[in-house]
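For reference, input.txt is printed below; it contains compact mmCIF, C-alpha atoms and all ligand atoms.
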# COMPACT_ATOMS: atom_id res chain seq x y z
CA MET A 19 0.70 25.97 42.40
CA ASP A 20 3.07 22.97 42.67
CA ASN A 21 6.62 23.98 42.04
CA VAL A 22 8.32 23.01 38.79
CA VAL A 23 10.45 20.32 40.46
CA ASP A 24 7.37 18.47 41.77
CA VAL A 25 5.43 18.64 38.50
CA GLU A 26 8.48 17.52 36.51
CA LYS A 27 9.03 14.68 38.99
CA ASN A 28 5.38 13.71 38.65
CA PHE A 29 5.63 13.76 34.83
CA ASN A 30 8.75 11.56 34.87
CA SER A 31 7.25 9.11 37.35
CA LYS A 32 4.21 8.71 35.08
CA LEU A 33 6.57 7.74 32.24
CA GLU A 34 8.50 5.32 34.45
CA LYS A 35 5.28 3.65 35.60
CA ASN A 36 3.94 3.49 32.02
CA ASP A 37 1.00 5.67 33.11
CA PHE A 38 -0.63 7.87 30.53
CA VAL A 39 0.04 11.59 30.40
CA GLU A 40 -3.39 13.20 30.03
CA PRO A 41 -4.35 16.60 28.54
CA LYS A 42 -4.80 18.26 31.96
CA ASP A 43 -1.45 16.97 33.31
CA TRP A 44 1.61 19.18 33.41
CA MET A 45 3.99 18.32 30.57
CA PRO A 46 7.26 19.81 29.27
CA GLU A 47 6.54 22.32 26.48
CA ASN A 48 8.79 20.39 24.09
CA TYR A 49 6.91 17.16 24.83
CA ARG A 50 3.68 18.95 23.85
CA LYS A 51 5.24 20.40 20.67
CA HIS A 52 6.76 17.03 19.70
CA LEU A 53 3.32 15.41 20.01
CA ILE A 54 1.54 18.13 18.03
CA ARG A 55 4.11 17.73 15.25
CA GLN A 56 3.83 13.93 15.11
CA ILE A 57 0.06 13.56 15.66
CA SER A 58 -0.85 16.31 13.18
CA GLN A 59 1.41 14.84 10.49
CA HIS A 60 -0.12 11.45 11.21
CA ALA A 61 -3.58 13.00 10.71
CA HIS A 62 -2.47 14.72 7.48
CA SER A 63 -1.20 11.34 6.23
CA GLU A 64 -4.60 9.77 6.86
CA ILE A 65 -6.56 12.34 4.86
CA ILE A 66 -4.02 12.65 2.05
CA GLY A 67 -3.94 8.83 1.96
CA MET A 68 -7.61 8.94 0.86
CA LEU A 69 -6.59 10.46 -2.49
CA PRO A 70 -4.55 7.69 -4.19
CA GLU A 71 -7.16 5.08 -3.27
CA GLY A 72 -10.17 7.35 -3.89
CA ASN A 73 -8.82 7.57 -7.44
CA TRP A 74 -9.95 3.95 -8.01
CA ILE A 75 -13.42 3.96 -6.42
CA SER A 76 -15.09 4.72 -9.76
CA ARG A 77 -12.97 2.06 -11.50
CA ALA A 78 -13.15 -0.82 -9.02
CA PRO A 79 -13.61 -4.09 -10.99
CA SER A 80 -16.75 -5.24 -9.13
CA LEU A 81 -19.54 -3.83 -6.96
CA ARG A 82 -18.12 -5.73 -3.97
CA SER A 83 -14.59 -4.33 -4.41
CA LYS A 84 -16.08 -0.84 -4.88
CA ILE A 85 -18.03 -1.10 -1.60
CA VAL A 86 -14.97 -2.42 0.26
CA LEU A 87 -12.74 0.36 -1.12
CA LEU A 88 -15.37 3.00 -0.31
CA ALA A 89 -15.49 1.76 3.29
CA LYS A 90 -11.70 1.82 3.55
CA VAL A 91 -11.34 5.36 2.20
CA GLN A 92 -14.12 6.53 4.52
CA ASP A 93 -12.27 4.92 7.46
CA GLU A 94 -9.13 6.91 6.60
CA GLY A 95 -11.11 10.15 6.83
CA GLY A 96 -12.32 9.06 10.27
CA HIS A 97 -8.75 8.24 11.34
CA GLY A 98 -7.77 11.76 10.37
CA LEU A 99 -10.57 13.17 12.54
CA TYR A 100 -9.58 11.08 15.59
CA LEU A 101 -6.00 12.28 15.23
CA TYR A 102 -6.79 15.98 14.68
CA THR A 103 -8.99 15.75 17.79
CA ALA A 104 -6.11 14.18 19.74
CA ALA A 105 -3.83 17.03 18.57
CA GLU A 106 -6.44 19.58 19.67
CA THR A 107 -6.27 18.22 23.26
CA LEU A 108 -2.70 19.62 23.26
CA GLY A 109 -3.98 23.11 22.50
CA ALA A 110 -3.43 23.00 18.73
CA SER A 111 -6.11 24.60 16.53
CA ARG A 112 -7.60 22.56 13.68
CA ASP A 113 -7.44 25.57 11.36
CA GLU A 114 -3.72 26.07 12.07
CA LEU A 115 -2.94 22.39 11.56
CA LEU A 116 -4.85 22.27 8.26
CA GLY A 117 -3.30 25.59 7.23
CA ALA A 118 0.16 24.08 7.72
CA LEU A 119 -0.82 21.13 5.52
CA HIS A 120 -2.46 23.21 2.79
CA THR A 121 0.50 25.59 2.51
CA GLY A 122 2.98 22.71 2.26
CA LYS A 123 4.59 23.60 5.62
CA ALA A 124 3.57 20.37 7.37
CA LYS A 125 4.69 16.91 6.28
CA TYR A 126 2.55 13.87 5.56
CA SER A 127 3.72 10.36 4.79
CA SER A 128 5.96 10.26 1.71
CA ILE A 129 4.22 7.10 0.51
CA PHE A 130 1.15 9.02 -0.65
CA ASN A 131 3.16 10.96 -3.18
CA TYR A 132 3.36 7.93 -5.47
CA PRO A 133 0.70 7.27 -8.15
CA THR A 134 -1.75 4.35 -8.10
CA LEU A 135 -1.42 3.28 -11.73
CA THR A 136 -3.35 -0.02 -11.80
CA TRP A 137 -5.89 -1.91 -9.67
CA ALA A 138 -2.97 -4.01 -8.40
CA ASP A 139 -1.65 -0.83 -6.78
CA ILE A 140 -4.80 -0.70 -4.65
CA GLY A 141 -3.94 -4.21 -3.51
CA ALA A 142 -0.32 -3.30 -2.83
CA VAL A 143 -1.33 -0.14 -0.93
CA GLY A 144 -3.80 -1.97 1.31
CA TRP A 145 -1.43 -4.90 1.89
CA LEU A 146 1.95 -3.12 2.18
CA VAL A 147 1.17 0.50 3.13
CA ASP A 148 -1.56 -0.32 5.62
CA GLY A 149 0.53 -3.29 6.76
CA ALA A 150 3.44 -0.94 7.50
CA ALA A 151 1.08 1.56 9.13
CA ILE A 152 -0.24 -1.21 11.41
CA MET A 153 3.35 -2.17 12.38
CA ASN A 154 3.91 1.43 13.48
CA GLN A 155 0.46 2.03 14.96
CA VAL A 156 0.38 -1.15 17.08
CA MET A 157 3.56 0.18 18.70
CA LEU A 158 1.92 3.61 19.16
CA GLN A 159 -0.91 2.04 21.15
CA ARG A 160 1.72 2.05 23.96
CA THR A 161 2.62 5.71 23.50
CA SER A 162 2.74 7.79 26.68
CA TYR A 163 0.10 10.36 25.64
CA GLY A 164 -3.38 9.06 26.56
CA PRO A 165 -5.51 10.51 23.75
CA TYR A 166 -2.99 9.38 21.10
CA SER A 167 -2.85 5.84 22.48
CA ARG A 168 -6.65 5.57 22.61
CA ALA A 169 -6.94 6.84 19.01
CA MET A 170 -4.42 4.17 17.99
CA ILE A 171 -6.38 1.35 19.64
CA ARG A 172 -9.47 2.33 17.62
CA ILE A 173 -7.53 2.88 14.39
CA CYS A 174 -5.62 -0.42 14.59
CA LYS A 175 -8.89 -2.38 14.64
CA GLU A 176 -9.97 -0.77 11.36
CA GLU A 177 -6.46 -0.87 9.85
CA SER A 178 -6.44 -4.69 10.05
CA PHE A 179 -9.49 -4.79 7.73
CA HIS A 180 -7.59 -2.48 5.34
CA GLN A 181 -4.58 -4.76 5.23
CA ARG A 182 -6.74 -7.86 4.61
CA GLN A 183 -8.63 -6.01 1.85
CA GLY A 184 -5.38 -5.28 0.06
CA TYR A 185 -4.01 -8.80 0.52
CA GLU A 186 -7.24 -10.28 -0.84
CA ILE A 187 -6.86 -8.20 -4.01
CA MET A 188 -3.25 -9.42 -4.36
CA CYS A 189 -4.38 -13.05 -3.88
CA ARG A 190 -7.06 -12.72 -6.58
CA LEU A 191 -4.49 -11.31 -9.00
CA CYS A 192 -1.67 -13.73 -8.13
CA PHE A 193 -3.93 -16.78 -8.46
CA GLY A 194 -5.65 -15.34 -11.52
CA THR A 195 -4.33 -15.09 -15.08
CA GLU A 196 -0.67 -14.64 -16.01
CA GLU A 197 -1.35 -10.97 -16.89
CA GLN A 198 -2.97 -10.38 -13.51
CA LYS A 199 0.02 -11.90 -11.72
CA GLU A 200 2.35 -9.67 -13.75
CA MET A 201 0.28 -6.64 -12.65
CA ALA A 202 0.73 -7.71 -9.01
CA GLN A 203 4.51 -8.14 -9.45
CA ASP A 204 4.73 -4.74 -11.16
CA ALA A 205 2.89 -3.14 -8.21
CA LEU A 206 5.17 -4.87 -5.68
CA ASN A 207 8.21 -3.64 -7.62
CA ARG A 208 7.01 -0.02 -7.42
CA TRP A 209 5.67 0.02 -3.84
CA TRP A 210 8.25 -2.05 -1.93
CA PHE A 211 10.96 0.52 -1.28
CA PRO A 212 8.64 3.57 -0.84
CA THR A 213 6.81 1.49 1.81
CA MET A 214 10.09 0.91 3.69
CA MET A 215 10.55 4.69 3.79
CA MET A 216 7.29 5.02 5.78
CA PHE A 217 9.14 4.00 8.95
CA GLY A 218 11.32 7.11 8.70
CA PRO A 219 15.04 7.58 8.05
CA PRO A 220 17.66 5.25 9.61
CA ASP A 221 17.90 5.71 13.38
CA LYS A 222 21.35 7.29 12.98
CA ASP A 223 19.76 10.05 10.82
CA SER A 224 16.59 10.51 12.88
CA PRO A 225 16.70 13.82 14.80
CA ASN A 226 13.48 13.09 16.74
CA SER A 227 13.80 9.42 17.70
CA GLU A 228 16.11 9.59 20.69
CA GLN A 229 13.89 12.07 22.53
CA ALA A 230 10.74 10.26 21.39
CA ILE A 231 12.01 7.03 22.96
CA LYS A 232 12.97 8.88 26.19
CA TRP A 233 9.45 10.34 26.40
CA ARG A 234 7.98 6.92 25.48
CA ILE A 235 6.20 8.53 22.54
CA LYS A 236 7.91 5.95 20.35
CA ARG A 237 8.40 2.53 21.93
CA GLU A 238 10.42 1.07 19.04
CA THR A 239 12.76 2.82 16.63
CA ASN A 240 12.41 3.37 12.87
CA ASP A 241 14.94 0.63 12.07
CA GLU A 242 13.40 -1.87 14.51
CA LEU A 243 9.94 -1.46 12.95
CA ARG A 244 11.34 -1.62 9.39
CA GLN A 245 13.11 -4.88 10.26
CA LYS A 246 9.90 -6.30 11.77
CA PHE A 247 7.95 -5.32 8.66
CA VAL A 248 10.37 -7.08 6.30
CA ASP A 249 10.52 -10.21 8.49
CA ARG A 250 6.71 -10.43 8.58
CA THR A 251 6.11 -9.69 4.90
CA VAL A 252 8.56 -12.05 3.16
CA ALA A 253 6.42 -15.14 3.88
CA GLN A 254 3.33 -13.39 2.44
CA VAL A 255 5.23 -12.54 -0.75
CA GLU A 256 6.36 -16.16 -1.05
CA PHE A 257 2.77 -17.38 -0.60
CA LEU A 258 1.70 -15.08 -3.46
CA GLY A 259 4.49 -16.47 -5.63
CA LEU A 260 5.96 -12.99 -6.13
CA THR A 261 9.54 -11.74 -5.80
CA ILE A 262 10.70 -8.86 -3.58
CA PRO A 263 12.67 -6.44 -5.81
CA ASP A 264 15.78 -6.65 -3.61
CA LYS A 265 18.64 -8.96 -4.63
CA ASN A 266 20.26 -8.48 -1.19
CA LEU A 267 17.28 -9.92 0.68
CA LYS A 268 18.66 -12.93 2.57
CA TRP A 269 17.83 -14.72 5.82
CA ASN A 270 20.45 -14.01 8.51
CA GLU A 271 20.47 -16.91 10.99
CA THR A 272 22.55 -14.98 13.50
CA LYS A 273 20.11 -12.08 13.85
CA LYS A 274 17.08 -14.33 13.10
CA GLY A 275 15.87 -11.82 10.56
CA TYR A 276 16.37 -10.79 6.95
CA ASP A 277 19.21 -8.69 5.64
CA PHE A 278 17.91 -6.28 3.02
CA SER A 279 18.90 -3.23 0.96
CA GLU A 280 18.27 0.23 2.36
CA PRO A 281 15.78 2.35 0.40
CA ASP A 282 17.21 5.22 -1.70
CA TRP A 283 17.30 7.87 1.04
CA SER A 284 18.09 10.65 -1.44
CA GLU A 285 14.74 9.83 -3.11
CA PHE A 286 13.08 9.91 0.34
CA TYR A 287 14.42 13.38 1.17
CA SER A 288 13.55 14.65 -2.28
CA VAL A 289 9.95 13.40 -1.92
CA ILE A 290 9.49 14.91 1.55
CA LYS A 291 10.89 18.18 0.19
CA GLY A 292 7.95 18.22 -2.26
CA ASN A 293 9.56 16.70 -5.37
CA GLY A 294 7.74 13.36 -5.42
CA PRO A 295 5.69 12.21 -8.45
CA CYS A 296 2.37 13.40 -6.97
CA ASN A 297 3.14 16.01 -4.29
CA LYS A 298 1.74 18.93 -6.31
CA GLU A 299 -1.39 17.01 -7.37
CA ARG A 300 -2.08 15.87 -3.79
CA LEU A 301 -1.88 19.38 -2.31
CA GLU A 302 -4.00 20.84 -5.14
CA ALA A 303 -6.67 18.18 -4.57
CA ARG A 304 -6.54 18.72 -0.81
CA ASN A 305 -6.84 22.53 -1.14
CA LYS A 306 -9.71 22.18 -3.62
CA ALA A 307 -11.57 19.78 -1.30
CA HIS A 308 -11.10 22.20 1.59
CA SER A 309 -12.43 25.21 -0.32
CA ASP A 310 -15.29 23.21 -1.90
CA GLY A 311 -16.27 22.12 1.62
CA ALA A 312 -16.26 25.65 3.10
CA TRP A 313 -20.07 25.91 2.83
CA VAL A 314 -20.52 22.73 4.90
CA ARG A 315 -18.31 24.11 7.67
CA GLU A 316 -20.11 27.48 7.58
CA ALA A 317 -23.54 25.80 7.72
CA ALA A 318 -22.49 23.56 10.63
CA ILE A 319 -21.09 26.55 12.57
CA ALA A 320 -24.23 28.65 11.87
CA TYR A 321 -26.45 25.76 13.04
CA ALA A 322 -24.37 25.28 16.23
CA GLU A 323 -24.48 29.01 17.00
CA LYS A 324 -28.29 29.15 16.46
CA LYS A 325 -28.73 26.11 18.70
CA LYS A 326 -26.58 27.72 21.40
CA GLU A 327 -28.64 30.97 21.10
CA ASN A 328 -31.90 29.04 21.49
CA ILE A 329 -30.58 27.19 24.55
CA LEU A 330 -29.41 30.44 26.15
CA ALA A 331 -32.73 32.18 25.29
CA ALA A 332 -34.84 29.33 26.76
N1 LIG B 401 7.13 10.71 5.22
C1 LIG B 401 7.24 12.04 5.48
N2 LIG B 401 8.04 12.55 6.46
C2 LIG B 401 8.74 11.66 7.18
C3 LIG B 401 8.65 10.26 6.98
C4 LIG B 401 7.82 9.81 5.94
N3 LIG B 401 7.70 8.52 5.65
N4 LIG B 401 9.47 9.66 7.89
C5 LIG B 401 10.04 10.63 8.62
N5 LIG B 401 9.60 11.83 8.19
C6 LIG B 401 10.04 13.15 8.67
C7 LIG B 401 9.67 13.36 10.13
O1 LIG B 401 8.36 13.92 10.24
C8 LIG B 401 10.77 14.35 10.55
O2 LIG B 401 10.47 15.63 10.05
P1 LIG B 401 9.91 16.79 11.04
O3 LIG B 401 10.86 16.82 12.22
O4 LIG B 401 9.93 18.03 10.19
O5 LIG B 401 8.51 16.35 11.45
C9 LIG B 401 11.97 13.88 9.74
O6 LIG B 401 11.46 13.16 8.61
C10 LIG B 401 12.95 13.00 10.52
O7 LIG B 401 12.29 11.80 10.87
P2 LIG B 401 12.31 11.24 12.37
O8 LIG B 401 12.45 9.77 12.32
O9 LIG B 401 13.32 12.00 13.19
O10 LIG B 401 10.86 11.68 12.83
P3 LIG B 401 9.87 10.94 13.83
O11 LIG B 401 10.56 10.57 15.09
O12 LIG B 401 8.66 11.77 13.89
O13 LIG B 401 9.54 9.54 13.08
C11 LIG B 401 7.60 8.65 11.97
C12 LIG B 401 8.85 9.55 11.84
C13 LIG B 401 8.08 7.21 12.18
C14 LIG B 401 6.76 8.77 10.70
C15 LIG B 401 6.81 9.11 13.21
O14 LIG B 401 6.52 10.48 13.06
C16 LIG B 401 5.51 8.35 13.42
O15 LIG B 401 5.51 7.25 13.90
N6 LIG B 401 4.38 9.00 13.05
C17 LIG B 401 3.07 8.40 13.31
C18 LIG B 401 2.72 7.39 12.26
C19 LIG B 401 2.52 8.04 10.91
O16 LIG B 401 2.50 9.22 10.74
N7 LIG B 401 2.38 7.22 9.90
C20 LIG B 401 2.20 7.76 8.56
C21 LIG B 401 1.40 6.83 7.78
S1 LIG B 401 -0.26 6.81 8.31
C22 LIG B 401 -0.92 5.82 7.19
O17 LIG B 401 -0.24 5.18 6.47
C23 LIG B 401 -2.40 5.75 7.14
C24 LIG B 401 -2.86 4.39 6.78
O18 LIG B 401 -4.23 4.32 7.08
C25 LIG B 401 -2.68 4.06 5.35
Please lay out the structure from this file as structure tokens.
Ligand code: 3HC
Amino acid sequence: MDNVVDVEKNFNSKLEKNDFVEPKDWMPENYRKHLIRQISQHAHSEIIGMLPEGNWISRAPSLRSKIVLLAKVQDEGGHGLYLYTAAETLGASRDELLGALHTGKAKYSSIFNYPTLTWADIGAVGWLVDGAAIMNQVMLQRTSYGPYSRAMIRICKEESFHQRQGYEIMCRLCFGTEEQKEMAQDALNRWWFPTMMMFGPPDKDSPNSEQAIKWRIKRETNDELRQKFVDRTVAQVEFLGLTIPDKNLKWNETKKGYDFSEPDWSEFYSVIKGNGPCNKERLEARNKAHSDGAWVREAAIAYAEKKKENILAA
């Protein structure tokens, strides 16, 4: 068995050479734990994220928009599966990960604890929330853990359709009637700052970022991605003829980017502690879906066991 110095040296040289760390490679225990924490919470975010949008499938304003929204929500479920599978390559058990979610122990993205009140919210979620998720996930395609990076490459392809779907809804509303444009502005007003919180707390208050950058799990920091998101989104808002609900938003020629107001971080910490508008409803719906689906899991396991028996008996 290689001694610890060699395996540690080998792990570090993989990071330096931007090689992937693979499931069978030696890795520091805290690297493995950090990844299980982040990947599982990412997976939880994907499946909880199905709820606010699923809420509008039966009320989509046309057959086409219903089909598009159905496809998007189905994609999110698939993203969750890719990510739970990536977490399992680190030795985590699916049941434990889901147990942590269902008992409120594990986090998921704060953004999904806000209600989708109108059809314009479905536009804002696709455009802003998936847009922010893409910003973060494109960066994670370069993460050091192989299975996570490969899941990101697949997810980013589908995420781009999600963002376009949301932006198309916003375009229809903004270039529609006055009332429709007001709905779009109302949605932007309610989703702008919670979307900025998706990138995580300011770097100075982020306990995980420094180590994540050292291990090349994160390749850009929370603040860097938030800045990128604002800089990329302002032009889209202007095209829609809407106004970002931030009076401090101003182009800064020196930094070649926008200055903007920080989100209300006390609201952020309150939401991730479970006191957001929809936290309770989301966990109830998630727990109900899990128990309603128990028979499917049992049937699939029984079928797999029977199949295995038949193969062994042959
Ligand atoms: N919501 C909930 N919790 C959050 C959060 C948010 N928006 N931002 C940060 N946190 C939590 C972190 O999980 C951490 O808590 P923990 O140590 O108990 O896990 C704590 O706040 C401090 O934050 P850090 O910045 O120190 O934590 P990280 O280094 O993990 O950075 C992150 C946070 C940027 C969210 C990072 O975990 C990450 O990049 N995760 C992967 C991407 C992801 O999960 N995106 C969520 C949205 S997915 C999505 O939107 C689906 C799309 O299809 C719509």
Tell me, as an MDAnalysis selection string, which residues lie within 9 Å of His120 in chain A, counting only C-alpha atoms; anything in the same chain fewer than 5 positions away does not count.
chainID A and resid 115 301:302 304:305 308
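Minimum atom-to-atom distances from A:Ile231, A:Leu258, A:Met45, A:Ala202 to ligand LIG 401 (chain B) were compared using all atoms listed in the file, and the lowest value belongs to A:Ile231.
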Which residues of range 201-315 of chain A come within 10 Å of range 28-36 of chain A, and for each one, what is the closest pair of atoms and their distance in Å to one decimal, counting all atoms listed in the file, sorted by chain and residue number, as JSON lines?
{"residue": "A:Lys232", "atom": "CA", "partner": "A:Leu33", "partner_atom": "CA", "distance": 8.9}
{"residue": "A:Trp233", "atom": "CA", "partner": "A:Leu33", "partner_atom": "CA", "distance": 7.0}
{"residue": "A:Arg234", "atom": "CA", "partner": "A:Leu33", "partner_atom": "CA", "distance": 7.0}
{"residue": "A:Ile235", "atom": "CA", "partner": "A:Leu33", "partner_atom": "CA", "distance": 9.7}
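The nearest approach to ligand LIG 401 (chain B) among the residues A:Gly117, A:Gly164, A:Pro41, A:Gly184, with all atoms listed in the file taken into account, belongs to A:Gly184.
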Of A:Leu191, A:Lys324, A:Asp204, A:His62, the one nearest to Ala124 in chain A when counting only C-alpha atoms is A:His62
Top pick for closest residue to Ala78 in chain A, considering A:Leu116, A:Ile152, A:Ala138, A:Cys189 and counting only C-alpha atoms
A:Ala138
Sphere at (3.0, 19.0, 28.3), radius 12 Å, counting only C-alpha atoms: residues as number ranges by chain
A: 25-26, 28-30, 38-54, 107-109, 162-164, 233
Can you write just those residues out, C-alpha atoms, as an mmCIF file, keeping the file's coordinate frame?
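Full text of selection.cif as output:
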data_model
loop_
_atom_site.group_PDB
_atom_site.id
_atom_site.type_symbol
_atom_site.label_atom_id
_atom_site.label_comp_id
_atom_site.auth_asym_id
_atom_site.auth_seq_id
_atom_site.Cartn_x
_atom_site.Cartn_y
_atom_site.Cartn_z
ATOM 1 C CA VAL A 25 5.430 18.640 38.500
ATOM 2 C CA GLU A 26 8.480 17.520 36.510
ATOM 3 C CA ASN A 28 5.380 13.710 38.650
ATOM 4 C CA PHE A 29 5.630 13.760 34.830
ATOM 5 C CA ASN A 30 8.750 11.560 34.870
ATOM 6 C CA PHE A 38 -0.630 7.870 30.530
ATOM 7 C CA VAL A 39 0.040 11.590 30.400
ATOM 8 C CA GLU A 40 -3.390 13.200 30.030
ATOM 9 C CA PRO A 41 -4.350 16.600 28.540
ATOM 10 C CA LYS A 42 -4.800 18.260 31.960
ATOM 11 C CA ASP A 43 -1.450 16.970 33.310
ATOM 12 C CA TRP A 44 1.610 19.180 33.410
ATOM 13 C CA MET A 45 3.990 18.320 30.570
ATOM 14 C CA PRO A 46 7.260 19.810 29.270
ATOM 15 C CA GLU A 47 6.540 22.320 26.480
ATOM 16 C CA ASN A 48 8.790 20.390 24.090
ATOM 17 C CA TYR A 49 6.910 17.160 24.830
ATOM 18 C CA ARG A 50 3.680 18.950 23.850
ATOM 19 C CA LYS A 51 5.240 20.400 20.670
ATOM 20 C CA HIS A 52 6.760 17.030 19.700
ATOM 21 C CA LEU A 53 3.320 15.410 20.010
ATOM 22 C CA ILE A 54 1.540 18.130 18.030
ATOM 23 C CA THR A 107 -6.270 18.220 23.260
ATOM 24 C CA LEU A 108 -2.700 19.620 23.260
ATOM 25 C CA GLY A 109 -3.980 23.110 22.500
ATOM 26 C CA SER A 162 2.740 7.790 26.680
ATOM 27 C CA TYR A 163 0.100 10.360 25.640
ATOM 28 C CA GLY A 164 -3.380 9.060 26.560
ATOM 29 C CA TRP A 233 9.450 10.340 26.400
#
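Note that the spacing between CA of Asn73 in chain A and atom O17 of ligand LIG 401 (chain B) amounts to 16.5 Å.
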Counting all atoms listed in the file, the residue of A:Cys192, A:Ile319, A:Cys296, A:Val156 that sits nearest ligand LIG 401 (chain B):
A:Val156
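Take CA of Gly194 in chain A and CA of Ala151 in chain A: the distance between them is 27.5 Å.
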Hey, which of A:Asp24, A:Glu71, A:Asp37, A:Glu238 ends up closest to Thr136 in chain A? Count all atoms listed in the file.
A:Glu71
Output range 53-72 of chain A as a short mmCIF file (atom, residue, chain, number, x, y, z; two decimals), in the coordinates of the input, making sure N, CA and C atoms are there.
data_model
loop_
_atom_site.label_atom_id
_atom_site.label_comp_id
_atom_site.auth_asym_id
_atom_site.auth_seq_id
_atom_site.Cartn_x
_atom_site.Cartn_y
_atom_site.Cartn_z
N LEU A 53 4.56 16.17 20.26
CA LEU A 53 3.32 15.41 20.01
C LEU A 53 2.46 16.09 18.95
N ILE A 54 2.36 17.42 19.02
CA ILE A 54 1.54 18.13 18.03
C ILE A 54 2.14 17.90 16.64
N ARG A 55 3.45 17.95 16.55
CA ARG A 55 4.11 17.73 15.25
C ARG A 55 3.77 16.33 14.74
N GLN A 56 4.00 15.31 15.58
CA GLN A 56 3.83 13.93 15.11
C GLN A 56 2.36 13.58 14.87
N ILE A 57 1.49 13.94 15.80
CA ILE A 57 0.06 13.56 15.66
C ILE A 57 -0.57 14.30 14.49
N SER A 58 -0.22 15.57 14.29
CA SER A 58 -0.85 16.31 13.18
C SER A 58 -0.38 15.75 11.84
N GLN A 59 0.91 15.39 11.75
CA GLN A 59 1.41 14.84 10.49
C GLN A 59 0.83 13.45 10.24
N HIS A 60 0.56 12.75 11.33
CA HIS A 60 -0.12 11.45 11.21
C HIS A 60 -1.53 11.68 10.65
N ALA A 61 -2.21 12.69 11.19
CA ALA A 61 -3.58 13.00 10.71
C ALA A 61 -3.56 13.44 9.24
N HIS A 62 -2.58 14.28 8.89
CA HIS A 62 -2.47 14.72 7.48
C HIS A 62 -2.27 13.49 6.57
N SER A 63 -1.47 12.55 7.04
CA SER A 63 -1.20 11.34 6.23
C SER A 63 -2.49 10.57 5.98
N GLU A 64 -3.34 10.52 6.99
CA GLU A 64 -4.60 9.77 6.86
C GLU A 64 -5.48 10.41 5.79
N ILE A 65 -5.61 11.73 5.83
CA ILE A 65 -6.56 12.34 4.86
C ILE A 65 -5.95 12.45 3.46
N ILE A 66 -4.65 12.66 3.39
CA ILE A 66 -4.02 12.65 2.05
C ILE A 66 -4.06 11.23 1.49
N GLY A 67 -3.94 10.23 2.39
CA GLY A 67 -3.94 8.83 1.96
C GLY A 67 -5.25 8.44 1.29
N MET A 68 -6.31 9.22 1.50
CA MET A 68 -7.61 8.94 0.86
C MET A 68 -7.53 9.17 -0.65
N LEU A 69 -6.60 10.04 -1.07
CA LEU A 69 -6.59 10.46 -2.49
C LEU A 69 -6.14 9.34 -3.45
N PRO A 70 -4.96 8.72 -3.22
CA PRO A 70 -4.55 7.69 -4.19
C PRO A 70 -5.54 6.54 -4.31
N GLU A 71 -6.20 6.20 -3.20
CA GLU A 71 -7.16 5.08 -3.27
C GLU A 71 -8.50 5.56 -3.81
N GLY A 72 -8.89 6.81 -3.39
CA GLY A 72 -10.17 7.35 -3.89
C GLY A 72 -10.20 7.38 -5.41
#
